[in-house]
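Novice: Input file: my_file27.tsv. Contents: TSV, C-alpha atoms.
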```
chain	number	residue	atom	x	y	z
A	376	MET	CA	89.87	113.89	108.83
A	377	LYS	CA	89.16	113.03	105.22
A	378	PRO	CA	90.26	109.82	103.45
A	379	MET	CA	93.73	110.15	101.95
A	380	THR	CA	94.96	108.76	98.64
A	381	LEU	CA	98.33	108.47	100.38
A	382	LEU	CA	96.71	105.91	102.70
A	383	GLY	CA	94.71	104.08	100.04
A	384	GLY	CA	91.46	105.84	100.87
A	385	LEU	CA	91.76	105.35	104.63
A	386	THR	CA	91.40	108.27	106.99
A	387	PRO	CA	94.41	108.90	109.24
A	388	GLU	CA	92.30	107.73	112.19
A	389	GLN	CA	91.52	104.43	110.44
A	390	PHE	CA	95.16	103.90	109.55
A	391	LEU	CA	96.35	104.60	113.09
A	392	ASN	CA	93.69	102.42	114.67
A	393	GLU	CA	93.96	99.45	112.32
A	394	TYR	CA	97.52	99.39	110.96
A	395	TRP	CA	100.01	101.63	112.82
A	396	GLN	CA	102.43	99.32	114.67
A	397	LYS	CA	100.01	96.44	114.10
A	398	LYS	CA	100.13	95.06	110.54
A	399	PRO	CA	101.44	95.86	107.04
A	400	LEU	CA	99.46	97.79	104.45
A	401	LEU	CA	99.91	97.75	100.67
A	402	ILE	CA	98.71	100.93	98.98
A	403	ARG	CA	98.46	100.93	95.19
A	404	GLY	CA	98.90	104.33	93.55
A	405	ALA	CA	99.58	106.05	96.87
A	406	LEU	CA	101.75	108.84	95.44
A	407	THR	CA	102.58	109.09	91.74
A	408	ASP	CA	103.39	112.81	91.50
A	409	VAL	CA	106.78	112.96	93.21
A	410	GLY	CA	108.40	115.67	91.11
A	411	PRO	CA	111.81	115.05	89.48
A	412	HIS	CA	112.96	111.51	90.23
A	413	VAL	CA	115.97	111.28	92.51
A	414	ASP	CA	117.73	108.74	90.33
A	415	PHE	CA	121.20	107.20	90.47
A	416	LYS	CA	122.87	110.28	89.00
A	417	CYS	CA	121.32	112.54	91.62
A	418	LEU	CA	121.95	110.11	94.50
A	419	SER	CA	125.57	109.51	93.53
A	420	GLU	CA	126.21	113.26	93.48
A	421	LEU	CA	124.73	113.58	96.96
A	422	ALA	CA	126.76	110.58	98.15
A	423	MET	CA	129.97	112.40	97.26
A	424	GLN	CA	129.25	115.24	99.71
A	425	ASP	CA	130.79	115.39	103.18
A	426	ASP	CA	127.55	116.47	104.87
A	427	VAL	CA	125.50	113.55	103.52
A	428	GLU	CA	125.16	110.09	105.06
A	429	SER	CA	125.37	107.40	102.40
A	430	ARG	CA	126.02	103.69	102.03
A	431	LEU	CA	126.79	101.28	99.21
A	432	ILE	CA	125.75	97.65	99.71
A	433	GLU	CA	126.83	94.87	97.36
A	434	ASN	CA	126.36	91.13	97.30
A	435	ARG	CA	129.35	89.60	95.53
A	436	ASN	CA	129.72	85.83	95.26
A	437	GLY	CA	127.24	85.32	98.06
A	438	LYS	CA	128.95	87.69	100.49
A	439	TRP	CA	127.73	91.05	101.69
A	440	HIS	CA	129.87	94.16	101.43
A	441	LEU	CA	129.20	97.58	102.96
A	442	GLU	CA	130.93	100.89	102.23
A	443	ARG	CA	130.13	104.30	103.68
A	444	GLY	CA	130.40	107.64	101.95
A	445	PRO	CA	131.45	110.16	101.00
A	446	PHE	CA	132.43	108.40	97.79
A	447	ARG	CA	134.69	109.35	94.93
A	448	PRO	CA	133.31	109.38	91.37
A	449	ALA	CA	135.66	106.54	90.38
A	450	ARG	CA	133.95	104.22	92.86
A	451	PHE	CA	130.65	104.38	91.00
A	452	ARG	CA	132.31	103.72	87.65
A	453	LYS	CA	133.42	100.31	88.99
A	454	LEU	CA	129.91	99.12	89.78
A	455	GLY	CA	128.45	96.24	87.81
A	456	GLU	CA	125.07	96.13	86.13
A	457	THR	CA	123.37	94.16	88.93
A	458	ASP	CA	123.37	93.27	92.64
A	459	TRP	CA	124.12	96.55	94.43
A	460	THR	CA	122.22	99.31	96.18
A	461	ILE	CA	123.14	102.87	97.07
A	462	LEU	CA	121.30	104.47	99.99
A	463	VAL	CA	121.30	108.15	100.97
A	464	GLN	CA	119.83	109.44	104.24
A	465	ASN	CA	117.99	112.72	104.83
A	466	VAL	CA	117.50	113.56	101.16
A	467	ASN	CA	114.73	115.87	102.40
A	468	HIS	CA	117.46	118.15	103.80
A	469	HIS	CA	118.90	118.72	100.36
A	470	LEU	CA	116.03	118.77	97.85
A	471	PRO	CA	112.92	120.95	98.32
A	472	HIS	CA	110.50	118.67	96.48
A	473	ILE	CA	111.59	115.69	98.59
A	474	ASP	CA	111.13	117.74	101.75
A	475	LYS	CA	107.59	118.48	100.56
A	476	ILE	CA	106.89	114.74	100.26
A	477	LEU	CA	108.12	114.05	103.80
A	478	TRP	CA	105.77	116.55	105.43
A	479	GLN	CA	102.76	114.95	103.73
A	480	PHE	CA	103.08	112.35	106.49
A	481	ASP	CA	102.01	114.91	109.08
A	482	PHE	CA	99.27	112.59	110.33
A	483	ILE	CA	102.12	111.16	112.44
A	484	PRO	CA	103.48	113.56	115.12
A	485	PHE	CA	106.65	115.37	114.08
A	486	ALA	CA	108.29	114.08	117.28
A	487	ARG	CA	108.25	110.62	115.64
A	488	LEU	CA	109.06	111.59	112.05
A	489	ASP	CA	112.73	111.03	111.17
A	490	ASP	CA	113.76	111.41	107.54
A	491	LEU	CA	113.23	110.45	103.93
A	492	MET	CA	115.95	108.09	102.74
A	493	ILE	CA	116.26	107.19	99.06
A	494	SER	CA	117.88	104.08	97.65
A	495	TYR	CA	118.61	103.16	94.05
A	496	ALA	CA	119.13	99.62	92.83
A	497	PRO	CA	119.63	98.03	89.39
A	498	PRO	CA	118.11	94.58	88.77
A	499	GLY	CA	119.03	92.22	91.59
A	500	GLY	CA	119.91	95.05	93.94
A	501	THR	CA	118.91	94.35	97.53
A	502	VAL	CA	119.99	94.81	101.13
A	503	GLY	CA	118.80	91.30	102.00
A	504	PRO	CA	115.97	90.04	104.19
A	505	HIS	CA	115.88	92.01	107.44
A	506	PHE	CA	113.59	93.88	109.76
A	507	ASP	CA	113.63	97.39	111.19
A	508	SER	CA	112.92	98.42	114.76
A	509	TYR	CA	110.78	101.33	113.60
A	510	ASP	CA	107.83	102.03	111.31
A	511	VAL	CA	108.54	102.72	107.66
A	512	PHE	CA	106.67	103.59	104.47
A	513	LEU	CA	108.36	102.24	101.32
A	514	LEU	CA	107.37	104.22	98.21
A	515	GLN	CA	108.38	102.85	94.82
A	516	VAL	CA	109.57	105.51	92.36
A	517	GLY	CA	110.32	104.30	88.84
A	518	GLY	CA	110.95	100.66	87.91
A	519	ARG	CA	109.55	97.65	89.73
A	520	LYS	CA	110.57	95.97	92.97
A	521	ARG	CA	109.48	92.67	94.53
A	522	TRP	CA	108.80	92.78	98.23
A	523	GLN	CA	108.37	89.70	100.39
A	524	ILE	CA	107.29	90.00	104.02
A	525	SER	CA	107.06	87.70	107.02
A	526	SER	CA	105.80	87.86	110.59
A	527	GLN	CA	108.54	85.52	111.81
A	528	ALA	CA	109.87	86.37	115.26
A	529	ASP	CA	113.37	84.87	115.12
A	530	ASP	CA	116.28	87.24	114.60
A	531	ASP	CA	119.17	84.99	113.65
A	532	PHE	CA	121.40	87.01	111.38
A	533	ILE	CA	124.19	85.92	109.07
A	534	PRO	CA	127.30	85.94	111.29
A	535	ASP	CA	130.13	88.34	110.47
A	536	ALA	CA	128.08	90.13	107.77
A	537	PRO	CA	128.49	93.94	107.83
A	538	ILE	CA	124.71	94.37	107.68
A	539	ARG	CA	121.92	92.58	109.55
A	540	VAL	CA	120.63	89.94	107.12
A	541	LEU	CA	118.29	87.19	108.32
A	542	GLN	CA	119.68	83.69	107.85
A	543	ASP	CA	116.31	81.96	107.50
A	544	PHE	CA	113.69	84.19	105.89
A	545	ARG	CA	110.30	82.55	105.51
A	546	VAL	CA	108.07	84.25	102.94
A	547	GLU	CA	104.42	84.71	103.88
A	548	GLU	CA	103.29	87.39	101.39
A	549	GLU	CA	104.73	88.80	98.18
A	550	PHE	CA	104.02	92.02	96.26
A	551	VAL	CA	105.49	93.67	93.19
A	552	LEU	CA	105.49	97.45	93.59
A	553	GLU	CA	105.41	99.76	90.58
A	554	HIS	CA	105.78	103.52	90.42
A	555	GLY	CA	103.63	105.22	93.04
A	556	ASP	CA	102.84	102.09	95.03
A	557	MET	CA	103.70	102.12	98.72
A	558	LEU	CA	104.10	99.52	101.46
A	559	TYR	CA	103.73	100.35	105.15
A	560	LEU	CA	105.60	98.07	107.55
A	561	PRO	CA	105.33	98.13	111.34
A	562	PRO	CA	108.40	97.48	113.52
A	563	LYS	CA	109.88	93.98	113.47
A	564	CYS	CA	108.07	92.99	110.27
A	565	ALA	CA	110.67	91.05	108.30
A	566	HIS	CA	110.94	92.15	104.68
A	567	TYR	CA	113.03	91.43	101.60
A	568	GLY	CA	113.07	93.76	98.61
A	569	VAL	CA	114.75	92.93	95.29
A	570	ALA	CA	114.80	95.30	92.32
A	571	LEU	CA	113.33	93.77	89.18
A	572	GLU	CA	114.09	96.89	87.15
A	573	PRO	CA	116.25	99.95	87.87
A	574	GLY	CA	114.36	102.16	90.29
A	575	MET	CA	114.24	104.00	93.59
A	576	THR	CA	112.68	103.35	96.97
A	577	TYR	CA	111.74	106.41	98.99
A	578	SER	CA	111.77	105.29	102.63
A	579	ILE	CA	109.91	107.46	105.12
A	580	GLY	CA	111.22	106.40	108.52
A	581	PHE	CA	110.20	107.18	112.08
A	582	ARG	CA	112.17	107.65	115.28
A	583	ALA	CA	111.95	104.88	117.87
A	584	ALA	CA	114.82	105.33	120.29
A	585	PRO	CA	115.89	102.29	122.36
A	586	THR	CA	115.23	102.60	126.07
A	587	GLN	CA	118.97	102.46	126.72
A	588	GLU	CA	119.60	105.43	124.43
A	589	LEU	CA	116.85	107.48	126.04
A	590	ALA	CA	118.21	106.68	129.50
A	591	THR	CA	121.77	107.55	128.50
A	592	GLN	CA	120.79	110.83	126.87
A	593	PHE	CA	118.57	111.73	129.82
A	594	LEU	CA	121.50	111.24	132.19
A	595	VAL	CA	123.64	113.46	129.96
A	596	TYR	CA	120.85	116.05	130.07
A	597	LEU	CA	120.73	115.86	133.88
A	598	GLN	CA	124.51	116.08	134.13
A	599	ASP	CA	124.45	119.50	132.49
A	600	ARG	CA	121.66	120.78	134.74
A	601	ILE	CA	121.96	119.38	138.26
A	602	CYS	CA	123.87	121.23	140.97
A	603	LEU	CA	124.06	119.33	144.26
A	604	GLU	CA	125.15	121.04	147.44
A	605	GLY	CA	127.41	119.67	150.16
A	606	ARG	CA	130.51	117.52	150.26
A	607	TYR	CA	131.20	114.04	151.57
A	608	ALA	CA	132.02	114.12	155.29
A	609	ASP	CA	132.42	111.51	158.03
A	610	PRO	CA	133.27	113.15	161.39
A	611	GLU	CA	132.15	109.97	163.14
A	612	LEU	CA	134.72	107.83	161.22
A	613	GLN	CA	135.99	104.76	163.09
A	614	ARG	CA	139.13	102.76	162.42
A	615	GLN	CA	138.62	99.68	160.23
A	616	SER	CA	140.52	96.43	160.70
A	617	ASP	CA	140.47	95.99	156.89
A	618	PRO	CA	141.22	99.41	155.38
A	619	ALA	CA	140.56	98.29	151.79
A	620	ARG	CA	136.87	97.67	152.52
A	621	ILE	CA	134.22	100.17	151.36
A	622	SER	CA	132.11	100.48	154.49
A	623	ASP	CA	128.34	100.22	154.65
A	624	GLU	CA	128.37	103.65	156.27
A	625	MET	CA	130.05	105.18	153.21
A	626	VAL	CA	127.56	103.50	150.89
A	627	ASP	CA	124.67	104.86	152.96
A	628	LYS	CA	126.10	108.40	152.99
A	629	VAL	CA	126.65	108.48	149.23
A	630	SER	CA	123.19	107.00	148.64
A	631	GLN	CA	121.75	109.83	150.69
A	632	MET	CA	123.75	112.42	148.72
A	633	LEU	CA	122.57	110.99	145.39
A	634	SER	CA	118.96	110.96	146.54
A	635	GLN	CA	119.00	114.70	145.87
A	636	ILE	CA	118.78	113.84	142.17
A	637	SER	CA	115.13	113.84	141.16
A	638	TRP	CA	112.91	114.68	138.20
A	639	ASP	CA	109.28	115.11	137.29
A	640	LYS	CA	107.18	115.27	134.11
A	641	GLN	CA	108.26	118.86	133.47
A	642	VAL	CA	111.92	117.82	133.49
A	643	VAL	CA	111.17	114.89	131.13
A	644	SER	CA	109.23	117.24	128.84
A	645	ASP	CA	112.15	119.66	128.72
A	646	PHE	CA	114.55	116.79	128.02
A	647	LEU	CA	112.40	115.55	125.13
A	648	GLY	CA	112.16	119.03	123.65
A	649	HIS	CA	115.94	119.31	123.50
A	650	TYR	CA	116.60	115.68	122.56
A	651	LEU	CA	114.00	115.30	119.80
A	652	THR	CA	114.93	118.53	118.02
A	653	GLU	CA	118.70	118.14	118.36
A	654	PRO	CA	120.20	118.00	114.83
A	655	LYS	CA	122.30	115.03	113.82
A	656	ALA	CA	126.06	115.49	114.03
A	657	HIS	CA	126.53	116.12	110.31
A	658	VAL	CA	123.84	118.83	110.10
A	659	PHE	CA	124.87	122.47	109.86
A	660	TYR	CA	122.89	125.64	109.22
A	661	ASP	CA	123.82	128.33	106.74
A	662	ALA	CA	123.59	131.95	107.83
A	663	PRO	CA	122.24	134.33	105.15
A	664	GLU	CA	124.87	135.41	102.64
A	665	ASP	CA	123.60	138.99	102.39
A	666	GLU	CA	122.54	139.60	105.95
A	667	LEU	CA	119.72	142.11	106.43
A	668	ASP	CA	119.66	144.47	109.38
A	669	GLU	CA	116.65	144.36	111.71
A	670	ASP	CA	114.67	147.04	109.89
A	671	GLU	CA	115.31	145.46	106.48
A	672	PHE	CA	114.37	142.06	107.90
A	673	ALA	CA	111.11	143.39	109.35
A	674	ALA	CA	110.18	144.96	106.02
A	675	ALA	CA	110.91	141.75	104.08
A	676	LEU	CA	109.04	139.70	106.67
A	677	GLY	CA	105.98	141.90	106.22
A	678	GLU	CA	106.03	141.14	102.49
A	679	LYS	CA	107.11	137.50	102.29
A	680	GLY	CA	106.48	135.78	105.60
A	681	ILE	CA	108.93	133.15	106.86
A	682	GLU	CA	109.46	129.38	106.60
A	683	LEU	CA	111.54	126.83	108.49
A	684	ASP	CA	114.76	125.62	106.95
A	685	ARG	CA	114.46	122.05	105.67
A	686	LYS	CA	116.86	120.91	108.40
A	687	SER	CA	114.96	122.66	111.20
A	688	LEU	CA	112.34	121.26	113.52
A	689	ILE	CA	110.19	123.04	116.11
A	690	LEU	CA	108.36	120.99	118.73
A	691	PHE	CA	106.34	122.24	121.68
A	692	HIS	CA	104.80	121.00	124.90
A	693	HIS	CA	102.27	123.37	126.40
A	694	GLY	CA	103.98	126.78	126.33
A	695	MET	CA	107.55	125.50	125.90
A	696	PHE	CA	109.02	125.59	122.38
A	697	TYR	CA	112.19	123.93	121.15
A	698	CYS	CA	114.04	124.42	117.87
A	699	ASN	CA	117.12	122.47	116.83
A	700	GLY	CA	118.00	121.50	120.38
A	701	GLU	CA	117.40	124.96	121.86
A	702	LEU	CA	114.66	126.34	124.10
A	703	LEU	CA	112.99	129.35	122.51
A	704	GLU	CA	111.99	132.35	124.62
A	705	ILE	CA	108.33	132.83	123.68
A	706	GLU	CA	105.95	135.51	124.94
A	707	PRO	CA	102.75	133.95	126.40
A	708	ASP	CA	100.58	135.96	124.00
A	709	ASP	CA	102.49	134.50	121.04
A	710	VAL	CA	102.03	130.82	121.88
A	711	ALA	CA	99.28	130.26	119.29
A	712	VAL	CA	101.35	131.81	116.51
A	713	TRP	CA	104.41	129.72	117.39
A	714	GLN	CA	102.25	126.60	117.45
A	715	GLN	CA	101.11	127.50	113.95
A	716	PHE	CA	104.74	127.99	112.87
A	717	ALA	CA	105.70	124.61	114.32
A	718	ASN	CA	102.74	122.77	112.79
A	719	GLN	CA	102.71	124.38	109.35
A	720	ARG	CA	106.46	125.11	109.17
A	721	ARG	CA	105.74	128.57	107.79
A	722	LEU	CA	104.09	131.86	108.65
A	723	SER	CA	102.49	134.20	106.14
A	724	ALA	CA	103.11	137.93	106.24
A	725	ALA	CA	99.62	138.35	107.72
A	726	ASP	CA	100.57	136.14	110.69
A	727	ILE	CA	103.53	138.29	111.73
A	728	ARG	CA	103.13	140.51	114.78
A	729	PRO	CA	105.72	142.94	116.24
A	730	SER	CA	106.37	140.79	119.32
A	731	LEU	CA	107.76	138.02	117.05
A	732	LEU	CA	110.37	140.15	115.32
A	733	ASP	CA	113.28	139.82	117.75
A	734	GLN	CA	113.06	136.02	118.02
A	735	LEU	CA	112.50	135.60	114.29
A	736	TYR	CA	115.46	137.83	113.50
A	737	GLN	CA	117.79	135.79	115.71
A	738	GLY	CA	116.65	132.57	114.04
A	739	TYR	CA	117.12	134.15	110.63
A	740	LEU	CA	120.73	135.03	111.48
A	741	THR	CA	121.51	131.44	112.50
A	742	GLY	CA	119.83	129.94	109.42
A	743	TYR	CA	117.04	128.19	111.33
A	744	TRP	CA	114.45	129.80	109.04
A	745	HIS	CA	114.45	132.05	106.01
A	746	PHE	CA	112.18	133.74	103.52
A	747	PRO	CA	110.04	131.36	101.39
A	748	GLN	CA	111.63	129.73	98.38
A	749	SER	CA	109.90	128.23	95.37
A	750	VAL	CA	109.58	124.44	95.30
A	751	ALA	CA	110.55	122.59	92.12
A	752	LYS	CA	107.79	120.47	90.56
```
Take the structure I supplied and represent it as C-alpha cells, if you would.

Specialist:
Amino acid sequence: MKPMTLLGGLTPEQFLNEYWQKKPLLIRGALTDVGPHVDFKCLSELAMQDDVESRLIENRNGKWHLERGPFRPARFRKLGETDWTILVQNVNHHLPHIDKILWQFDFIPFARLDDLMISYAPPGGTVGPHFDSYDVFLLQVGGRKRWQISSQADDDFIPDAPIRVLQDFRVEEEFVLEHGDMLYLPPKCAHYGVALEPGMTYSIGFRAAPTQELATQFLVYLQDRICLEGRYADPELQRQSDPARISDEMVDKVSQMLSQISWDKQVVSDFLGHYLTEPKAHVFYDAPEDELDEDEFAAALGEKGIELDRKSLILFHHGMFYCNGELLEIEPDDVAVWQQFANQRRLSAADIRPSLLDQLYQGYLTGYWHFPQSVAK
C-alpha cells in the first residue's frame, strides 16, 4: 500500500505494525477537506431527533452532569458560553459527507469499525480525563483543542460521577490540535481534551466487545439454534433419606444431557456474521417511497448500479455473507461480486449480472441498499 496523508505519510502496514494498539500517534494536517463542518447548529438539530444517540456533558461548580437526548430546543438556549460538550453518535448514518470520511479508514477491517461520533465544545468544554477501552482517531475540525495524554495504568475514577473521570490524571505529553490535525490513541491510553476555541472533534471509534458480552451474545445465538433431543428420566431412582438434596446422580445426568451442546469454528463464524452486522436498537431502514417493480428495478440497476445504505454493513467469511444481522443467500458463482459489494459498498452497472437481481431487489425493498446518491462537498 502507498503512504497515506491520513496517517502522516505512513503506509497502513507501518501504522498497524508500529502504532495500532501499541502507542499514540499525532498526525498534523491529516484531513483538512472534511466538507461542510458539522457545527453546533447541525449537532443540536440531530440531538433533537428520536433516532439519534446524543449526550450533553457539563462541569458546573466542579461537578459533572450528564443528560441524554433527544433534547428540546429550549435546553440548548440555557447553555452558558463555556464548560460544556455535546456529543452525537453515528453521525455517519445521517450525513453523506461524514459517511464518506468514515470509510476512508478502510485500512482497518470493517468488522472492527464502529462509527463516527462528533462532539462540539465552546472554550473550556471537556468530558474530563479518561480512557477508552477501544482504539480511536480524534480529528480536530475548526477551532483548537488541547490534548494531554498519559500511559498511567490506574483507573480510579471520581466516585458518584455520571461519567468515568480519572481522579488523578498525570500528564506525560501535551498537544494542541488545530483544524485537520488528528490524534490516534490505543486502548487504555488516558487522555484529557479541553477546547481552547469553539470547535468539533470527529471521533472515529472501533468495536472491542468485552469477553463477557461476546459470551452472553453467543449463548443467546445458541439458544435460538440448538435443539436437543430426549427428556430427563431416572427409572433407577432410589429413595433418599433427605428429599431436599439434589443428588449426584441427577447432576451427572443433566451434565450428560448438556454435553450435547457443542460448537466449532463454523458456528463461531456464523455467530460473528450475525452479531457484527446486527444494527443498533435505534437503527431503522427506510423502504423506497416510490417502489419499483422487478422489471423497473432491473432497468434502473442496469443504468445506475447500487450502493449500500449508510446504516448497512455487509461482512463475509469465506462464502457466507451477512447484512444487517441476516444471512444472505448467495450463489457460489456470485461470491466475488458480493465480496466487491461488501468491500467497496457499491456496485457499478457494469458489475451487475442477472443472478444478482432477486437478492438485490429484496434488499432494495427493505432499504438495505439503494441507487447511488450524490455526496455533498

Novice: So which one's closest to Pro573 in chain A, A:Ala590, A:Leu633, A:Ala496, A:Ala449? Using all atoms listed in the file, please.

Specialist: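 Among the listed residues, A:Ala496 lies closest to Pro573 in chain A.
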
Novice: Just how far from CA of Leu683 in chain A is CA of Gln719 in chain A, in Å to one decimal?

Specialist: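 Pair CA of Gln719 in chain A / CA of Leu683 in chain A returns 9.2 Å.
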
Novice: Nearest residue to Leu702 in chain A out of A:Tyr596, A:Phe646, A:Phe581, A:Tyr394, using all atoms listed in the file?

Specialist: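 That would be A:Phe646, the residue with the smallest distance to Leu702 in chain A.
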
Novice: Please list as a count of residues only every residue within 10 Å of range 422-424 of chain A, counting only C-alpha atoms and excluding residues in the same chain fewer than 5 positions away.

Specialist: 15

Novice: Select, counting all atoms listed in the file, all protein, DNA and RNA residues no farther than 12 Å from (111.9, 129.7, 123.4) in file coordinates, and express the selection as a ChimeraX atom specification.

Specialist: /A:645,648-649,689-707,709-710,713-714,731,733-735,737-738

Novice: Hey, can you check how far CA of Ser616 in chain A sits from CA of Gln631 in chain A?

Specialist: 25.1 Å

Novice: Of the residues A:Leu594, A:Leu400, A:Ala570, A:Leu421, which is the one nearest to Leu558 in chain A, using only C-alpha atoms?

Specialist: A:Leu400

Novice: Taking only C-alpha atoms into account, which of A:Trp478, A:Trp744, A:Tyr607, A:Tyr736 comes nearest Ser630 in chain A?

Specialist: A:Tyr607

Novice: Quick check, in Å to one decimal: how far apart do CA of Trp439 in chain A and CA of Gln527 in chain A lie?

Specialist: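 Distance reported for this atom pair: 22.4 Å.
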
Novice: Tell me which of A:Ala619, A:Leu740, A:Leu651, A:Met632 sits closest to Glu664 in chain A, counting all atoms listed in the file.

Specialist: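 For Glu664 in chain A, the nearest of the given residues is A:Leu740.
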
Novice: Which polymer residues have any atom within 8 Å of an atom of Gly517 in chain A, counting all atoms listed in the file, with same-chain residues fewer than 6 positions away left out, as a PDB file with C-alpha atoms, in the coordinates of the input?

Specialist:
```pdb
ATOM      1  CA  HIS A 412     112.960 111.510  90.230  1.00  0.00           C
ATOM      2  CA  GLU A 553     105.410  99.760  90.580  1.00  0.00           C
ATOM      3  CA  HIS A 554     105.780 103.520  90.420  1.00  0.00           C
ATOM      4  CA  GLY A 555     103.630 105.220  93.040  1.00  0.00           C
ATOM      5  CA  PRO A 573     116.250  99.950  87.870  1.00  0.00           C
ATOM      6  CA  GLY A 574     114.360 102.160  90.290  1.00  0.00           C
ATOM      7  CA  MET A 575     114.240 104.000  93.590  1.00  0.00           C
TER       8      MET A 575
END
```
